[in-house]
$ cat upload_33.csv   # CSV, C-alpha atoms
chain,number,residue,atom,x,y,z
A,12,MET,CA,-64.2,75.2,-24.9
A,13,GLY,CA,-60.6,75.4,-24.0
A,14,GLY,CA,-58.1,72.7,-24.9
A,15,ILE,CA,-59.3,69.1,-25.3
A,16,THR,CA,-62.8,70.0,-24.0
A,17,ALA,CA,-63.5,71.9,-27.2
A,18,LEU,CA,-66.5,71.1,-29.3
A,19,THR,CA,-64.5,71.7,-32.4
A,20,LEU,CA,-62.9,70.1,-34.5
A,21,THR,CA,-59.4,68.8,-34.3
A,22,LEU,CA,-61.3,65.6,-34.3
A,23,LEU,CA,-60.7,64.9,-38.0
A,24,ALA,CA,-57.0,64.6,-37.6
A,25,GLY,CA,-55.4,61.2,-38.3
A,26,CYS,CA,-56.9,58.1,-39.8
A,27,THR,CA,-60.5,57.2,-39.4
A,28,PRO,CA,-62.4,54.0,-39.8
A,29,ALA,CA,-64.4,53.5,-43.0
A,30,PRO,CA,-67.7,55.3,-42.6
A,31,PRO,CA,-70.9,53.4,-42.3
A,32,PRO,CA,-73.6,53.7,-45.0
A,33,ILE,CA,-75.6,57.0,-45.0
A,34,ASN,CA,-79.2,56.1,-44.2
A,35,HIS,CA,-80.8,59.5,-45.0
A,36,GLN,CA,-79.8,62.0,-47.6
A,37,GLY,CA,-82.3,64.8,-47.3
A,38,SER,CA,-82.7,67.5,-50.0
A,39,VAL,CA,-80.1,70.3,-50.3
A,40,VAL,CA,-81.0,73.8,-49.1
A,41,ALA,CA,-77.5,75.3,-49.2
A,42,GLN,CA,-74.0,73.9,-49.8
A,43,GLY,CA,-70.4,75.0,-50.1
A,44,LEU,CA,-70.4,76.0,-46.4
A,45,ASN,CA,-67.4,76.2,-44.1
A,46,GLY,CA,-68.2,74.4,-40.8
A,47,PRO,CA,-71.8,75.5,-40.4
A,48,GLN,CA,-72.8,75.6,-36.8
A,49,GLY,CA,-76.3,77.0,-36.7
A,50,VAL,CA,-79.5,76.9,-38.7
A,51,TYR,CA,-82.7,78.8,-37.9
A,52,VAL,CA,-86.1,79.2,-39.6
A,53,GLY,CA,-87.3,82.7,-39.4
A,54,SER,CA,-90.9,83.9,-38.8
A,55,ASP,CA,-91.1,84.7,-42.6
A,56,GLY,CA,-90.1,81.2,-43.5
A,57,ALA,CA,-86.6,82.0,-44.6
A,58,VAL,CA,-83.8,79.7,-43.5
A,59,TRP,CA,-80.8,81.4,-41.8
A,60,ILE,CA,-77.4,79.8,-41.5
A,61,ALA,CA,-74.4,80.6,-39.2
A,62,ASP,CA,-71.2,79.6,-40.9
A,63,SER,CA,-67.8,79.3,-39.1
A,64,GLY,CA,-65.6,80.6,-42.0
A,65,THR,CA,-62.0,79.7,-42.7
A,66,GLY,CA,-60.0,82.2,-40.6
A,67,GLY,CA,-58.0,84.7,-42.7
A,68,PRO,CA,-54.6,86.3,-43.5
A,69,ASN,CA,-53.9,87.9,-40.1
A,70,SER,CA,-52.4,86.2,-37.1
A,71,PHE,CA,-52.0,86.2,-33.3
A,72,THR,CA,-50.8,83.7,-30.8
A,73,THR,CA,-52.3,82.0,-27.8
A,74,PRO,CA,-50.7,79.8,-25.1
A,75,ALA,CA,-49.5,76.3,-26.1
A,76,GLY,CA,-52.2,73.6,-26.0
A,77,PRO,CA,-51.9,70.1,-24.5
A,78,GLY,CA,-48.9,68.2,-25.6
A,79,SER,CA,-47.1,71.3,-27.0
A,80,THR,CA,-44.6,73.8,-25.7
A,81,ASP,CA,-45.0,76.3,-28.6
A,82,PRO,CA,-47.6,79.0,-28.7
A,83,THR,CA,-50.6,78.3,-31.0
A,84,VAL,CA,-50.7,80.5,-34.1
A,85,ASN,CA,-54.3,81.6,-35.0
A,86,MET,CA,-55.2,83.0,-38.3
A,87,TYR,CA,-58.2,85.4,-38.6
A,88,GLY,CA,-60.2,87.4,-41.1
A,89,ASN,CA,-63.8,88.3,-42.0
A,90,THR,CA,-64.8,84.9,-43.5
A,91,ALA,CA,-67.6,83.8,-41.2
A,92,ARG,CA,-71.0,84.4,-42.8
A,93,ILE,CA,-74.7,84.8,-42.0
A,94,ILE,CA,-76.6,83.4,-45.0
A,95,ARG,CA,-80.3,83.8,-45.7
A,96,VAL,CA,-82.1,81.3,-48.0
A,97,ASN,CA,-85.5,82.6,-49.2
A,98,ALA,CA,-88.6,80.6,-50.0
A,99,GLN,CA,-87.4,80.2,-53.7
A,100,GLY,CA,-84.1,78.7,-52.6
A,101,ALA,CA,-81.9,81.7,-53.4
A,102,ALA,CA,-79.0,82.2,-50.9
A,103,THR,CA,-77.7,85.6,-49.9
A,104,THR,CA,-74.8,86.4,-47.6
A,105,VAL,CA,-76.3,89.2,-45.4
A,106,ALA,CA,-73.3,89.7,-43.1
A,107,THR,CA,-69.6,88.7,-42.9
A,108,LEU,CA,-68.1,88.2,-39.4
A,109,THR,CA,-64.7,87.5,-37.8
A,110,SER,CA,-63.5,83.9,-38.2
A,111,VAL,CA,-60.5,82.6,-36.2
A,112,ALA,CA,-58.7,79.4,-37.2
A,113,GLY,CA,-56.5,77.9,-34.6
A,114,ALA,CA,-55.7,74.5,-33.0
A,115,GLU,CA,-59.4,73.8,-32.6
A,116,GLY,CA,-60.3,74.6,-36.2
A,117,PRO,CA,-62.2,77.7,-37.5
A,118,GLU,CA,-64.7,79.4,-35.2
A,119,GLY,CA,-67.0,82.2,-36.2
A,120,ALA,CA,-70.8,82.5,-36.3
A,121,SER,CA,-72.4,80.1,-33.9
A,122,ARG,CA,-76.2,80.3,-33.6
A,123,LEU,CA,-79.2,82.5,-34.4
A,124,ALA,CA,-82.4,83.4,-32.6
A,125,GLU,CA,-85.3,85.8,-33.2
A,126,LEU,CA,-86.9,88.0,-30.6
A,127,GLY,CA,-89.2,91.0,-31.1
A,128,GLY,CA,-88.8,90.8,-34.8
A,129,LYS,CA,-85.0,91.1,-34.6
A,130,LEU,CA,-82.4,88.4,-35.4
A,131,TYR,CA,-79.6,87.8,-32.9
A,132,ILE,CA,-76.3,86.0,-33.5
A,133,SER,CA,-73.9,84.4,-31.1
A,134,THR,CA,-70.4,84.3,-32.5
A,135,GLY,CA,-66.8,83.6,-31.8
A,136,HIS,CA,-64.4,82.3,-29.2
A,137,TRP,CA,-61.8,84.1,-27.1
A,138,GLY,CA,-59.6,83.2,-24.2
A,139,ASP,CA,-56.9,84.4,-21.8
A,140,GLY,CA,-53.4,84.9,-22.9
A,141,ALA,CA,-53.9,86.0,-26.5
A,142,SER,CA,-51.1,88.2,-27.9
A,143,ILE,CA,-53.6,90.9,-29.0
A,144,ALA,CA,-56.7,92.5,-27.5
A,145,GLN,CA,-60.0,90.8,-28.1
A,146,LEU,CA,-61.0,90.9,-31.7
A,147,PRO,CA,-64.4,92.3,-32.8
A,148,GLN,CA,-67.2,89.7,-33.0
A,149,THR,CA,-65.4,87.1,-30.9
A,150,SER,CA,-67.5,85.6,-28.1
A,151,VAL,CA,-70.2,88.3,-28.3
A,152,LEU,CA,-73.9,88.6,-29.0
A,153,LEU,CA,-74.9,90.6,-32.1
A,154,ARG,CA,-78.1,92.0,-33.5
A,155,LEU,CA,-78.7,92.0,-37.2
A,156,ASP,CA,-80.7,94.8,-38.8
A,157,ASP,CA,-80.8,96.7,-42.1
A,158,SER,CA,-77.7,98.6,-41.3
A,159,GLY,CA,-75.6,95.5,-40.4
A,160,VAL,CA,-74.6,93.9,-37.1
A,161,THR,CA,-74.5,95.7,-33.7
A,162,GLN,CA,-72.9,94.2,-30.6
A,163,ILE,CA,-75.4,93.7,-27.8
A,164,ALA,CA,-73.4,91.9,-25.2
A,165,ASN,CA,-69.8,90.7,-24.6
A,166,ALA,CA,-69.6,87.2,-23.1
A,167,TRP,CA,-65.7,87.3,-23.0
A,168,THR,CA,-65.8,90.5,-20.9
A,169,PHE,CA,-68.2,88.8,-18.5
A,170,GLU,CA,-66.0,85.7,-18.3
A,171,ALA,CA,-62.8,87.6,-17.8
A,172,ALA,CA,-64.3,89.5,-14.9
A,173,GLN,CA,-66.4,86.8,-13.3
A,174,ASN,CA,-64.9,83.4,-14.4
A,175,PRO,CA,-67.9,81.6,-12.7
A,176,ASP,CA,-66.6,78.0,-13.1
A,177,GLY,CA,-63.1,78.9,-11.6
A,178,GLN,CA,-61.3,77.2,-14.5
A,179,GLU,CA,-59.3,78.8,-17.3
A,180,LYS,CA,-60.7,82.0,-18.6
A,181,ASP,CA,-62.3,80.9,-21.8
A,182,SER,CA,-65.4,82.1,-23.6
A,183,HIS,CA,-67.3,80.7,-26.6
A,184,ALA,CA,-70.7,82.3,-27.2
A,185,TYR,CA,-72.6,79.4,-28.6
A,186,GLY,CA,-76.2,78.2,-28.0
A,187,LEU,CA,-78.9,80.8,-28.3
A,188,ALA,CA,-82.6,81.0,-27.8
A,189,ALA,CA,-85.4,83.5,-27.1
A,190,GLY,CA,-86.7,82.8,-23.6
A,191,PRO,CA,-90.4,83.0,-22.5
A,192,ASP,CA,-89.3,85.9,-20.3
A,193,GLY,CA,-88.5,88.1,-23.3
A,194,GLN,CA,-84.8,87.7,-22.7
A,195,LEU,CA,-82.1,86.0,-24.8
A,196,TRP,CA,-80.6,82.9,-23.2
A,197,MET,CA,-77.1,81.9,-24.3
A,198,THR,CA,-74.7,79.0,-23.5
A,199,ASP,CA,-71.1,79.8,-23.1
A,200,ALA,CA,-69.3,76.7,-24.3
A,201,GLY,CA,-65.9,77.9,-23.1
A,202,ALA,CA,-67.0,79.2,-19.7
A,203,ASN,CA,-69.3,76.2,-19.1
A,204,ASP,CA,-72.3,78.4,-18.0
A,205,LEU,CA,-75.7,79.5,-19.0
A,206,LEU,CA,-76.3,83.3,-19.4
A,207,ARG,CA,-79.4,85.5,-19.7
A,208,VAL,CA,-79.0,88.7,-21.7
A,209,ASN,CA,-81.3,91.7,-21.7
A,210,PRO,CA,-81.6,92.6,-25.4
A,211,ALA,CA,-82.4,96.2,-24.6
A,212,THR,CA,-79.4,96.9,-22.3
A,213,GLY,CA,-77.0,94.1,-23.0
A,214,GLU,CA,-76.8,93.2,-19.3
A,215,ILE,CA,-75.6,89.7,-18.7
A,216,THR,CA,-76.9,87.6,-15.8
A,217,LEU,CA,-75.5,84.3,-14.8
A,218,VAL,CA,-78.1,81.6,-14.5
A,219,THR,CA,-76.0,78.6,-13.6
A,220,VAL,CA,-72.6,76.9,-14.0
A,221,PHE,CA,-72.2,73.4,-15.3
A,222,ASP,CA,-69.7,71.5,-13.2
A,223,ASN,CA,-67.2,69.0,-14.6
A,224,LEU,CA,-68.5,65.5,-15.2
A,225,PRO,CA,-66.7,62.3,-14.0
A,226,ASN,CA,-65.1,60.0,-16.6
A,227,ASP,CA,-65.4,56.3,-16.4
A,228,ASN,CA,-62.2,54.4,-16.0
A,229,PRO,CA,-59.8,57.3,-15.9
A,230,GLY,CA,-56.2,56.3,-16.4
A,231,PRO,CA,-53.1,57.2,-18.5
A,232,GLY,CA,-54.1,59.9,-20.8
A,233,ILE,CA,-57.7,60.0,-19.5
A,234,PRO,CA,-58.5,62.8,-17.0
A,235,PRO,CA,-60.7,62.0,-14.0
A,236,THR,CA,-63.3,64.6,-15.2
A,237,SER,CA,-64.3,66.4,-18.4
A,238,GLN,CA,-65.7,69.8,-18.7
A,239,ALA,CA,-69.5,69.7,-19.2
A,240,VAL,CA,-69.6,71.8,-22.4
A,241,PRO,CA,-73.1,73.4,-22.8
A,242,THR,CA,-74.2,73.6,-26.4
A,243,GLY,CA,-77.9,73.8,-27.4
A,244,ILE,CA,-80.7,75.5,-25.3
A,245,ALA,CA,-84.4,75.1,-25.7
A,246,PHE,CA,-87.6,75.7,-23.8
A,247,LEU,CA,-90.8,73.8,-23.2
A,248,ASN,CA,-94.0,75.3,-21.8
A,249,ASP,CA,-93.0,74.8,-18.2
A,250,GLY,CA,-90.7,77.9,-18.3
A,251,ALA,CA,-87.5,76.0,-17.5
A,252,ALA,CA,-84.5,76.0,-19.8
A,253,TYR,CA,-83.2,72.7,-21.2
A,254,VAL,CA,-79.5,72.6,-22.1
A,255,SER,CA,-77.5,69.9,-23.9
A,256,LEU,CA,-74.1,69.0,-22.5
A,257,LEU,CA,-71.2,67.7,-24.6
A,258,PRO,CA,-68.5,66.4,-22.2
A,259,GLY,CA,-65.0,66.8,-23.4
A,260,PHE,CA,-62.3,64.3,-24.0
A,261,PRO,CA,-62.5,61.3,-24.2
A,262,PHE,CA,-65.9,61.9,-25.7
A,263,THR,CA,-67.3,58.7,-24.2
A,264,PRO,CA,-70.4,57.4,-26.0
A,265,GLY,CA,-73.5,57.9,-23.8
A,266,SER,CA,-71.8,60.5,-21.6
A,267,SER,CA,-73.7,63.4,-23.1
A,268,LYS,CA,-77.1,64.5,-21.7
A,269,VAL,CA,-79.8,67.1,-21.4
A,270,VAL,CA,-80.4,68.9,-18.1
A,271,ARG,CA,-83.4,70.9,-17.0
A,272,VAL,CA,-82.5,74.2,-15.4
A,273,ALA,CA,-85.2,75.7,-13.2
A,274,SER,CA,-85.7,79.4,-12.7
A,275,ASP,CA,-83.5,79.4,-9.6
A,276,GLY,CA,-80.6,77.7,-11.6
A,277,THR,CA,-81.2,74.2,-10.1
A,278,GLN,CA,-80.2,71.5,-12.5
A,279,THR,CA,-81.7,68.0,-12.9
A,280,ASP,CA,-80.9,65.4,-15.5
A,281,TRP,CA,-83.7,65.2,-18.0
A,282,ALA,CA,-82.4,62.9,-20.7
A,283,THR,CA,-79.2,60.8,-20.5
A,284,GLY,CA,-77.2,58.3,-22.6
A,285,LEU,CA,-76.7,60.7,-25.5
A,286,THR,CA,-73.4,61.1,-27.4
A,287,MET,CA,-71.7,64.4,-28.3
A,288,THR,CA,-74.9,66.5,-28.3
A,289,THR,CA,-74.3,69.7,-30.3
A,290,ASP,CA,-77.8,71.2,-30.4
A,291,LEU,CA,-81.3,71.1,-28.8
A,292,THR,CA,-84.4,72.6,-30.1
A,293,THR,CA,-88.2,72.4,-29.5
A,294,GLY,CA,-90.2,71.1,-32.4
A,295,PRO,CA,-93.7,72.3,-33.4
A,296,ASP,CA,-95.1,69.1,-31.8
A,297,GLY,CA,-93.8,70.2,-28.4
A,298,ASN,CA,-91.0,67.6,-28.2
A,299,LEU,CA,-87.3,68.3,-27.8
A,300,TYR,CA,-85.0,67.3,-30.6
A,301,ALA,CA,-81.3,66.7,-30.1
A,302,VAL,CA,-78.4,66.6,-32.6
A,303,GLN,CA,-75.6,64.1,-31.9
A,304,LEU,CA,-72.3,65.0,-33.7
A,305,GLY,CA,-71.1,61.4,-34.0
A,306,LEU,CA,-68.6,58.9,-32.5
A,307,PHE,CA,-65.0,59.5,-31.5
A,308,GLY,CA,-62.8,56.4,-31.3
A,309,GLY,CA,-59.2,55.3,-30.8
A,310,GLN,CA,-58.3,56.3,-34.4
A,311,GLY,CA,-60.1,59.7,-34.4
A,312,PHE,CA,-63.5,60.9,-35.4
A,313,THR,CA,-65.8,58.7,-37.4
A,314,PRO,CA,-67.7,60.5,-40.2
A,315,ASN,CA,-71.3,59.7,-41.0
A,316,THR,CA,-72.1,58.6,-37.4
A,317,GLY,CA,-74.2,61.7,-36.5
A,318,SER,CA,-77.9,61.5,-35.8
A,319,VAL,CA,-81.0,63.4,-34.7
A,320,VAL,CA,-83.0,62.1,-31.7
A,321,ARG,CA,-86.5,63.0,-30.5
A,322,LEU,CA,-86.7,63.3,-26.7
A,323,LYS,CA,-89.9,62.7,-24.9
A,324,ALA,CA,-91.0,63.1,-21.3
A,325,GLY,CA,-89.5,60.6,-19.0
A,326,GLY,CA,-86.2,60.5,-20.9
A,327,VAL,CA,-87.5,58.4,-23.8
A,328,LYS,CA,-85.2,58.7,-26.9
A,329,GLU,CA,-86.3,58.1,-30.4
A,330,THR,CA,-83.7,58.1,-33.2
A,331,LEU,CA,-85.1,59.6,-36.3
A,332,LEU,CA,-82.1,60.1,-38.6
A,333,THR,CA,-78.7,58.3,-38.6
A,334,GLY,CA,-75.6,58.3,-40.9
A,335,LEU,CA,-75.3,62.1,-40.8
A,336,ASP,CA,-71.8,63.7,-41.4
A,337,THR,CA,-71.0,65.8,-38.3
A,338,PRO,CA,-74.4,67.5,-37.9
A,339,THR,CA,-74.4,70.6,-35.7
A,340,SER,CA,-77.9,72.1,-35.6
A,341,VAL,CA,-81.5,71.5,-36.4
A,342,ALA,CA,-84.4,73.8,-36.9
A,343,PHE,CA,-88.1,73.3,-37.8
A,344,ASN,CA,-90.8,75.2,-39.7
A,345,GLN,CA,-94.4,75.0,-38.4
A,346,LYS,CA,-95.2,72.0,-40.6
A,347,GLY,CA,-92.5,69.9,-38.9
A,348,ASP,CA,-90.0,70.0,-41.8
A,349,ALA,CA,-86.5,69.8,-40.4
A,350,PHE,CA,-83.4,71.8,-41.6
A,351,ILE,CA,-80.1,70.3,-40.4
A,352,SER,CA,-76.6,71.7,-40.8
A,353,VAL,CA,-74.1,68.9,-41.6
A,354,GLY,CA,-70.4,69.0,-42.3
A,355,GLY,CA,-69.8,71.1,-39.2
A,356,ALA,CA,-66.5,69.3,-38.6
A,357,ALA,CA,-65.7,68.5,-42.2
A,358,ALA,CA,-63.4,70.0,-44.8
A,359,PRO,CA,-64.0,73.6,-45.8
A,360,GLY,CA,-66.5,74.0,-48.6
A,361,THR,CA,-68.2,70.6,-47.9
A,362,GLY,CA,-70.8,71.8,-45.3
A,363,LYS,CA,-74.5,71.8,-46.2
A,364,VAL,CA,-77.9,72.5,-44.8
A,365,LEU,CA,-80.3,69.6,-45.7
A,366,ARG,CA,-84.1,69.4,-45.4
A,367,TRP,CA,-86.3,66.5,-44.4
A,368,ASP,CA,-90.0,67.0,-44.9
A,369,GLY,CA,-92.3,66.1,-42.0
A,370,LEU,CA,-89.6,64.9,-39.7
A,371,THR,CA,-91.7,65.5,-36.5
A,372,SER,CA,-94.2,62.9,-37.7
A,373,LYS,CA,-91.6,60.3,-38.7
A,374,SER,CA,-91.5,57.0,-36.8
A,375,PRO,CA,-88.3,56.3,-35.1
A,376,VAL,CA,-85.7,54.0,-36.6
A,377,ALA,CA,-84.7,53.0,-33.0
A,378,ALA,CA,-86.0,53.8,-29.5
A,379,SER,CA,-84.7,53.4,-26.0
A,380,ASP,CA,-85.7,54.5,-22.5
$ encode --input "upload_33.csv" --output "structure tokens"
Amino acid sequence: MGGITALTLTLLAGCTPAPPPINHQGSVVAQGLNGPQGVYVGSDGAVWIADSGTGGPNSFTTPAGPGSTDPTVNMYGNTARIIRVNAQGAATTVATLTSVAGAEGPEGASRLAELGGKLYISTGHWGDGASIAQLPQTSVLLRLDDSGVTQIANAWTFEAAQNPDGQEKDSHAYGLAAGPDGQLWMTDAGANDLLRVNPATGEITLVTVFDNLPNDNPGPGIPPTSQAVPTGIAFLNDGAAYVSLLPGFPFTPGSSKVVRVASDGTQTDWATGLTMTTDLTTGPDGNLYAVQLGLFGGQGFTPNTGSVVRLKAGGVKETLLTGLDTPTSVAFNQKGDAFISVGGAAAPGTGKVLRWDGLTSKSPVAASD
């Protein structure tokens, strides 16, 4: 998510308005996290967490970002984590991965998915112009097994060779889901495309590219378009892929949406009027659930403005939880209990995964068509 189109998380810089009241607390499943980006409930009932990490002691440079003439210094190390929380609530770090902390904040483990009894992990961000060769576990797809993690596919290599959207070469392996076709489907939030990965061979196939979206009232400091950053991916029983888009700066409220991607790559809007949508998943009730990171205003990012929304056919939106602090991901068990990662854009060590029992049967606190 290059430059100001990034999902992360320079958004905390500067003064922010006083946060509104937190409406829903939830119960704590895990805490002390560093920018958690993904949560997943495994087939055995364990809760898995993908944590961004805090960078590390080593450094490299990338080209200067907007408003600067100096190269960006990025710090890296093995501080990203995959954490498993068992049914008794005990948390275990099962893998440590590369974390890179740069102008956009720390980036490491992104999302998790299960296919054929194996757990897969999307992780990392890499772009053109770095002063060193691609680091291990940056913008790749990994498989986790008893011997550790194994690289399955390299999204950066695909982006560097193909660059499907024709913009800067930038790759952030992010959203991940097991498809009904037995393949892994992944959003590249840097390259702005949707990829299909064969888990047996690692072959990457381009499904579609998400074109830039127009901005309302462009003017001084506001570009005419924003990159349509793809984040979450989910499936209903029609075989199509559903992808949430988080347009970049100026992060206009209501500019985010969910698009339906048919098998031939054709896109149609499915739910609009969302705000900074970071995740999308299918609940056990057959509805889609979207996570909204929060609001971005003239003074910066406003904490405790994130929410979870149920999306029904016809674009109906039902807000179930509000007042969340930079939520990034939601997952469900078969009973409809929700597990939500919060603090994804907050200070290191303040991230959590929270649980809300029976969220799929909850009445909305607000609804709109």
$ residues_near_point --input "upload_33.csv" --point "(-77.2, 78.1, -30.7)" --cutoff "9 Å" --atoms "only C-alpha atoms" --output "PyMOL selection string"
chain A and resi 48-50+121-124+132-133+184-188+197-198+242-244+289-291+340
$ atom_distance --input "upload_33.csv" --atom1 "atom CA of A:Asp192" --atom2 "atom CA of A:Asp176"
25.1 Å
$ atom_distance --input "upload_33.csv" --atom1 "atom CA of A:Thr168" --atom2 "atom CA of A:Pro241"
18.7 Å
$ atom_distance --input "upload_33.csv" --atom1 "atom CA of A:Gly128" --atom2 "atom CA of A:Ala166"
22.8 Å
$ closest_residue --input "upload_33.csv" --among "A:Trp59, A:Tyr87, A:Trp281, A:Phe350" --to "A:Ala101" --atoms "all atoms listed in the file"
A:Trp59
$ residues_around --input "upload_33.csv" --residues "stretch 146-150 of chain A" --least-positions-apart "3" --cutoff "7 Å" --atoms "only C-alpha atoms" --output "PDB file with C-alpha atoms, in the coordinates of the input"
ATOM      1  CA  LEU A 108     -68.100  88.200 -39.400  1.00  0.00           C
ATOM      2  CA  THR A 109     -64.700  87.500 -37.800  1.00  0.00           C
ATOM      3  CA  THR A 134     -70.400  84.300 -32.500  1.00  0.00           C
ATOM      4  CA  GLY A 135     -66.800  83.600 -31.800  1.00  0.00           C
ATOM      5  CA  HIS A 136     -64.400  82.300 -29.200  1.00  0.00           C
ATOM      6  CA  TRP A 137     -61.800  84.100 -27.100  1.00  0.00           C
ATOM      7  CA  ASN A 165     -69.800  90.700 -24.600  1.00  0.00           C
ATOM      8  CA  ALA A 166     -69.600  87.200 -23.100  1.00  0.00           C
ATOM      9  CA  TRP A 167     -65.700  87.300 -23.000  1.00  0.00           C
ATOM     10  CA  SER A 182     -65.400  82.100 -23.600  1.00  0.00           C
ATOM     11  CA  HIS A 183     -67.300  80.700 -26.600  1.00  0.00           C
ATOM     12  CA  ALA A 184     -70.700  82.300 -27.200  1.00  0.00           C
TER      13      ALA A 184
END
$ closest_atom_pairs --input "upload_33.csv" --of "stretch 80-133 of chain A" --to "stretch 201-225 of chain A" --cutoff "10 Å" --atoms "all atoms listed in the file" --output "CSV"
residue,atom,partner,partner_atom,distance
A:Leu126,CA,A:Pro210,CA,8.7
A:Gly127,CA,A:Pro210,CA,9.6
A:Lys129,CA,A:Pro210,CA,9.9
A:Tyr131,CA,A:Pro210,CA,9.1
$ closest_residue --input "upload_33.csv" --among "A:Ala245, A:Val58, A:Pro359, A:Lys180" --to "A:Thr103" --atoms "all atoms listed in the file"
A:Val58
$ closest_residue --input "upload_33.csv" --among "A:Thr83, A:Asn45, A:Thr292, A:Thr104" --to "A:Ala189" --atoms "only C-alpha atoms"
A:Thr292
